[in-house]
file target-v7.csv (CSV, C-alpha atoms)
chain,number,residue,atom,x,y,z
W,122,MET,CA,230.1,200.9,77.7
W,123,THR,CA,226.9,200.0,79.4
W,124,THR,CA,226.1,197.2,81.9
W,125,ALA,CA,222.4,196.2,82.2
W,126,GLY,CA,221.4,199.6,80.8
W,127,THR,CA,223.5,201.6,83.2
W,128,ASP,CA,226.0,204.1,81.8
W,129,LEU,CA,229.5,204.3,83.5
W,130,ALA,CA,229.0,208.1,84.0
W,131,GLU,CA,225.8,207.3,85.9
W,132,THR,CA,227.5,204.8,88.2
W,133,GLY,CA,230.3,207.2,89.1
W,134,ARG,CA,232.9,204.5,88.4
W,135,VAL,CA,236.3,205.6,87.2
W,136,VAL,CA,237.7,203.7,84.2
W,137,ALA,CA,241.5,203.2,84.3
W,138,GLY,CA,243.4,204.5,81.3
W,139,HIS,CA,245.2,207.5,79.8
W,140,VAL,CA,244.1,210.0,77.2
W,141,GLY,CA,246.9,211.7,75.3
W,142,ILE,CA,246.5,214.8,73.3
W,143,PRO,CA,249.2,215.4,70.7
W,144,ALA,CA,251.2,218.7,70.8
W,145,LYS,CA,249.8,219.6,67.3
W,146,VAL,CA,246.3,219.5,68.6
W,147,LEU,CA,247.2,221.5,71.7
W,148,GLN,CA,248.8,224.1,69.4
W,149,LYS,CA,245.7,224.4,67.3
W,150,VAL,CA,243.5,224.8,70.4
W,151,ALA,CA,245.9,227.5,71.7
W,152,VAL,CA,245.9,229.3,68.3
W,153,ALA,CA,242.1,229.4,68.4
W,154,VAL,CA,242.1,230.7,72.0
W,155,VAL,CA,244.6,233.5,71.1
W,156,ALA,CA,242.7,234.5,68.0
W,157,GLU,CA,239.4,234.6,69.8
W,158,THR,CA,240.9,236.5,72.8
W,159,LEU,CA,242.8,239.1,70.8
W,160,HIS,CA,240.3,239.3,67.8
W,161,VAL,CA,243.0,238.5,65.3
W,162,ARG,CA,243.1,236.1,62.4
W,163,ARG,CA,244.2,232.5,63.2
W,164,ALA,CA,246.5,232.6,60.3
W,165,ASP,CA,248.5,235.4,62.0
W,166,VAL,CA,249.0,233.4,65.2
W,167,ARG,CA,251.8,230.9,65.8
W,168,VAL,CA,252.0,228.6,68.9
W,169,LEU,CA,254.6,226.1,69.9
W,170,ALA,CA,253.6,223.7,72.6
W,171,GLU,CA,256.3,221.8,74.5
W,172,ASP,CA,256.4,219.5,77.5
W,173,ASP,CA,257.8,221.1,80.6
W,174,ALA,CA,258.2,218.2,83.2
W,175,GLY,CA,254.7,217.0,82.6
W,176,ARG,CA,253.2,220.5,82.2
W,177,LEU,CA,252.6,222.5,79.1
W,178,ALA,CA,254.9,225.4,78.1
W,179,LEU,CA,253.6,227.6,75.3
W,180,ARG,CA,255.5,230.0,73.0
W,181,VAL,CA,253.1,232.4,71.3
W,182,SER,CA,253.8,234.8,68.4
W,183,THR,CA,250.8,237.1,67.6
W,184,PRO,CA,249.8,240.5,66.6
W,185,VAL,CA,247.7,242.6,68.9
W,186,ARG,CA,244.8,245.0,68.2
W,187,VAL,CA,245.3,248.6,69.1
W,188,PRO,CA,242.8,251.4,68.8
W,189,MET,CA,243.3,254.2,66.2
W,190,LEU,CA,245.2,257.0,67.8
W,191,SER,CA,242.8,260.0,68.3
W,192,GLU,CA,241.7,262.3,71.0
W,193,ALA,CA,238.5,260.3,71.5
W,194,VAL,CA,240.3,257.0,72.3
W,195,THR,CA,242.3,256.3,75.3
W,196,MET,CA,244.5,253.2,75.7
W,197,PRO,CA,243.5,250.7,78.3
W,198,GLU,CA,245.5,251.0,81.5
W,199,GLY,CA,248.6,249.0,81.1
W,200,GLY,CA,248.5,249.1,77.3
W,201,VAL,CA,250.0,246.3,75.3
W,202,VAL,CA,251.6,244.8,78.4
W,203,ALA,CA,248.2,244.4,80.1
W,204,VAL,CA,246.8,242.8,76.9
W,205,VAL,CA,249.7,240.3,76.9
W,206,ARG,CA,249.3,239.5,80.6
W,207,ASP,CA,245.5,239.0,80.1
W,208,LEU,CA,246.3,236.6,77.2
W,209,GLN,CA,248.7,234.6,79.4
W,210,SER,CA,246.0,234.2,82.1
W,211,THR,CA,243.3,233.4,79.6
W,212,LEU,CA,245.5,230.7,77.8
W,213,THR,CA,246.4,229.1,81.1
W,214,ARG,CA,242.8,228.9,82.2
W,215,ARG,CA,241.3,227.8,78.9
W,216,LEU,CA,243.8,225.1,78.1
W,217,SER,CA,243.2,223.7,81.5
W,218,GLU,CA,239.4,223.7,80.9
W,219,LEU,CA,239.5,222.5,77.3
W,220,ALA,CA,242.4,220.0,77.4
W,221,GLY,CA,242.9,219.2,81.1
W,222,ARG,CA,246.5,220.3,80.9
W,223,THR,CA,248.4,222.4,83.4
W,224,VAL,CA,250.2,225.2,81.8
W,225,SER,CA,253.6,226.1,83.3
W,226,ARG,CA,254.3,229.2,81.3
W,227,VAL,CA,253.2,231.2,78.3
W,228,ASP,CA,255.9,233.2,76.5
W,229,VAL,CA,254.4,235.8,74.2
W,230,THR,CA,256.1,237.7,71.4
W,231,VAL,CA,254.1,240.5,69.9
W,232,SER,CA,254.7,240.2,66.1
W,233,GLY,CA,252.9,243.3,65.0
W,234,SER,CA,249.7,245.3,65.5
W,235,ARG,CA,246.3,245.5,63.9
W,236,THR,CA,244.5,248.7,64.0
W,237,ASP,CA,240.8,248.8,65.1
W,238,ARG,CA,239.0,250.9,62.6
W,239,THR,CA,235.8,252.4,63.9
W,240,GLY,CA,233.8,255.3,62.7
W,241,ARG,CA,234.2,257.1,59.4
W,242,THR,CA,237.1,256.6,57.1
W,243,SER,CA,238.2,259.2,54.6
call {"tool": "encode", "arguments": {"input": "target-v7.csv", "output": "C-alpha coordinates"}}
result
Amino acid sequence: MTTAGTDLAETGRVVAGHVGIPAKVLQKVAVAVVAETLHVRRADVRVLAEDDAGRLALRVSTPVRVPMLSEAVTMPEGGVVAVVRDLQSTLTRRLSELAGRTVSRVDVTVSGSRTDRTGRTS
(Lines of atoms letter the chains of each structure in order from A and count residues from 1; the text may use other names and numbers.)
(Lines give C-alpha, C1' and ligand atoms only; values in the text may rest on other atoms or scores of the structure.)
Protein backbone atom coordinates (compact mmCIF):
# COMPACT_ATOMS: atom_id res chain seq x y z
CA MET A 1 0.00 0.00 0.00
CA THR A 2 1.36 3.40 -0.86
CA THR A 3 0.57 6.78 0.61
CA ALA A 4 1.26 9.80 -1.59
CA GLY A 5 3.75 7.73 -3.60
CA THR A 6 5.67 6.47 -0.54
CA ASP A 7 6.05 2.72 -0.07
CA LEU A 8 5.66 1.32 3.49
CA ALA A 9 9.08 -0.30 3.25
CA GLU A 10 10.59 3.10 2.50
CA THR A 11 9.00 4.72 5.56
CA GLY A 12 10.23 2.03 7.94
CA ARG A 13 6.76 1.64 9.45
CA VAL A 14 5.73 -1.75 10.77
CA VAL A 15 2.31 -3.01 9.78
CA ALA A 16 0.52 -5.06 12.43
CA GLY A 17 -0.54 -8.54 11.44
CA HIS A 18 0.40 -12.18 11.34
CA VAL A 19 1.75 -14.34 8.56
CA GLY A 20 1.07 -18.05 8.93
CA ILE A 21 2.83 -20.71 6.90
CA PRO A 22 1.03 -24.06 6.84
CA ALA A 23 2.96 -27.15 7.98
CA LYS A 24 2.66 -28.67 4.50
CA VAL A 25 4.53 -25.71 3.00
CA LEU A 26 7.23 -25.88 5.69
CA GLN A 27 7.60 -29.60 4.95
CA LYS A 28 8.09 -28.92 1.24
CA VAL A 29 10.68 -26.25 1.96
CA ALA A 30 12.50 -28.63 4.30
CA VAL A 31 12.41 -31.42 1.68
CA ALA A 32 13.99 -29.06 -0.84
CA VAL A 33 16.72 -28.04 1.62
CA VAL A 34 17.51 -31.68 2.49
CA ALA A 35 17.62 -32.76 -1.16
CA GLU A 36 19.87 -29.83 -2.08
CA THR A 37 22.17 -30.34 0.90
CA LEU A 38 22.61 -34.08 0.49
CA HIS A 39 22.36 -34.22 -3.32
CA VAL A 40 19.52 -36.73 -3.24
CA ARG A 41 16.18 -36.82 -5.05
CA ARG A 42 13.32 -34.92 -3.42
CA ALA A 43 11.13 -37.96 -3.95
CA ASP A 44 13.41 -39.94 -1.60
CA VAL A 45 13.10 -37.43 1.27
CA ARG A 46 10.30 -37.39 3.84
CA VAL A 47 9.77 -34.57 6.36
CA LEU A 48 7.19 -34.18 9.08
CA ALA A 49 6.90 -30.69 10.58
CA GLU A 50 5.25 -30.28 13.98
CA ASP A 51 4.66 -27.40 16.36
CA ASP A 52 6.86 -27.57 19.46
CA ALA A 53 5.60 -24.84 21.81
CA GLY A 54 5.69 -22.24 19.03
CA ARG A 55 8.89 -23.54 17.48
CA LEU A 56 9.28 -26.02 14.68
CA ALA A 57 10.24 -29.67 15.24
CA LEU A 58 11.25 -31.67 12.17
CA ARG A 59 11.41 -35.41 11.60
CA VAL A 60 13.43 -36.22 8.50
CA SER A 61 13.87 -39.54 6.71
CA THR A 62 16.41 -39.45 3.91
CA PRO A 63 19.10 -41.45 2.16
CA VAL A 64 22.66 -40.12 2.25
CA ARG A 65 25.32 -40.15 -0.44
CA VAL A 66 28.44 -42.16 0.24
CA PRO A 67 31.53 -42.42 -1.94
CA MET A 68 32.40 -45.66 -3.71
CA LEU A 69 34.69 -47.69 -1.50
CA SER A 70 38.14 -47.75 -3.01
CA GLU A 71 41.69 -47.02 -2.00
CA ALA A 72 41.58 -43.61 -3.68
CA VAL A 73 38.61 -42.36 -1.63
CA THR A 74 38.61 -41.60 2.05
CA MET A 75 35.48 -40.99 4.06
CA PRO A 76 35.08 -37.50 5.47
CA GLU A 77 36.01 -37.23 9.13
CA GLY A 78 32.99 -38.19 11.20
CA GLY A 79 31.40 -40.21 8.37
CA VAL A 80 27.63 -40.41 8.16
CA VAL A 81 27.21 -38.94 11.65
CA ALA A 82 29.00 -35.78 10.52
CA VAL A 83 26.78 -35.61 7.42
CA VAL A 84 23.66 -35.84 9.61
CA ARG A 85 24.92 -33.20 12.07
CA ASP A 86 25.69 -30.86 9.17
CA LEU A 87 22.19 -31.47 7.79
CA GLN A 88 20.63 -30.62 11.17
CA SER A 89 22.58 -27.37 11.32
CA THR A 90 21.79 -26.46 7.72
CA LEU A 91 18.06 -27.15 8.12
CA THR A 92 17.88 -25.08 11.30
CA ARG A 93 19.62 -22.12 9.65
CA ARG A 94 17.84 -22.29 6.27
CA LEU A 95 14.30 -22.61 7.67
CA SER A 96 14.99 -19.60 9.86
CA GLU A 97 16.17 -17.66 6.79
CA LEU A 98 13.46 -18.85 4.39
CA ALA A 99 10.41 -19.08 6.64
CA GLY A 100 11.33 -17.03 9.69
CA ARG A 101 10.73 -20.03 11.95
CA THR A 102 12.83 -21.10 14.91
CA VAL A 103 13.63 -24.80 14.74
CA SER A 104 13.71 -26.55 18.12
CA ARG A 105 15.00 -29.90 16.88
CA VAL A 106 15.72 -31.97 13.79
CA ASP A 107 15.45 -35.75 14.17
CA VAL A 108 17.05 -37.56 11.22
CA THR A 109 16.57 -41.16 10.20
CA VAL A 110 18.94 -42.38 7.49
CA SER A 111 16.71 -44.46 5.23
CA GLY A 112 19.42 -45.74 2.92
CA SER A 113 22.48 -44.78 0.96
CA ARG A 114 23.15 -43.60 -2.55
CA THR A 115 26.55 -44.29 -4.03
CA ASP A 116 28.49 -41.51 -5.72
CA ARG A 117 29.70 -42.95 -8.98
CA THR A 118 32.78 -41.22 -10.32
CA GLY A 119 35.34 -42.27 -12.87
CA ARG A 120 35.06 -45.29 -15.14
CA THR A 121 32.55 -48.04 -14.72
CA SER A 122 33.08 -51.52 -16.02
call {"tool": "atom_distance", "arguments": {"input": "target-v7.csv", "atom1": "CA of Ala170 in chain W", "atom2": "CA of Val204 in chain W"}}
result
20.7 Å
call {"tool": "atom_distance", "arguments": {"input": "target-v7.csv", "atom1": "CA of Arg162 in chain W", "atom2": "CA of Arg215 in chain W"}}
result
18.6 Å
call {"tool": "closest_residue", "arguments": {"input": "target-v7.csv", "among": "W:Val231, W:Val168, W:Ala137, W:Leu212", "to": "Val152 in chain W", "atoms": "only C-alpha atoms"}}
result
W:Val168
call {"tool": "residues_near_point", "arguments": {"input": "target-v7.csv", "point": "(256.0, 238.7, 70.4)", "cutoff": "9 Å", "atoms": "all atoms listed in the file", "output": "list of chain:residue names"}}
result
W:Val181, W:Ser182, W:Thr183, W:Pro184, W:Asp228, W:Val229, W:Thr230, W:Val231, W:Ser232, W:Gly233
call {"tool": "atom_distance", "arguments": {"input": "target-v7.csv", "atom1": "CA of Glu157 in chain W", "atom2": "CA of Val224 in chain W"}}
result
18.7 Å
call {"tool": "closest_residue", "arguments": {"input": "target-v7.csv", "among": "W:Lys145, W:Arg206, W:Arg180, W:Arg186", "to": "Val227 in chain W", "atoms": "only C-alpha atoms"}}
result
W:Arg180
call {"tool": "residues_around", "arguments": {"input": "target-v7.csv", "residues": "Val161 in chain W", "least_positions_apart": "5", "cutoff": "10 Å", "atoms": "only C-alpha atoms", "output": "PDB file with C-alpha atoms, in the frame of the given file"}}
result
ATOM      1  CA  ALA W 153     242.100 229.400  68.400  1.00  0.00           C
ATOM      2  CA  VAL W 155     244.600 233.500  71.100  1.00  0.00           C
ATOM      3  CA  ALA W 156     242.700 234.500  68.000  1.00  0.00           C
ATOM      4  CA  VAL W 166     249.000 233.400  65.200  1.00  0.00           C
ATOM      5  CA  THR W 183     250.800 237.100  67.600  1.00  0.00           C
ATOM      6  CA  PRO W 184     249.800 240.500  66.600  1.00  0.00           C
ATOM      7  CA  VAL W 185     247.700 242.600  68.900  1.00  0.00           C
ATOM      8  CA  ARG W 186     244.800 245.000  68.200  1.00  0.00           C
ATOM      9  CA  SER W 234     249.700 245.300  65.500  1.00  0.00           C
ATOM     10  CA  ARG W 235     246.300 245.500  63.900  1.00  0.00           C
TER      11      ARG W 235
END
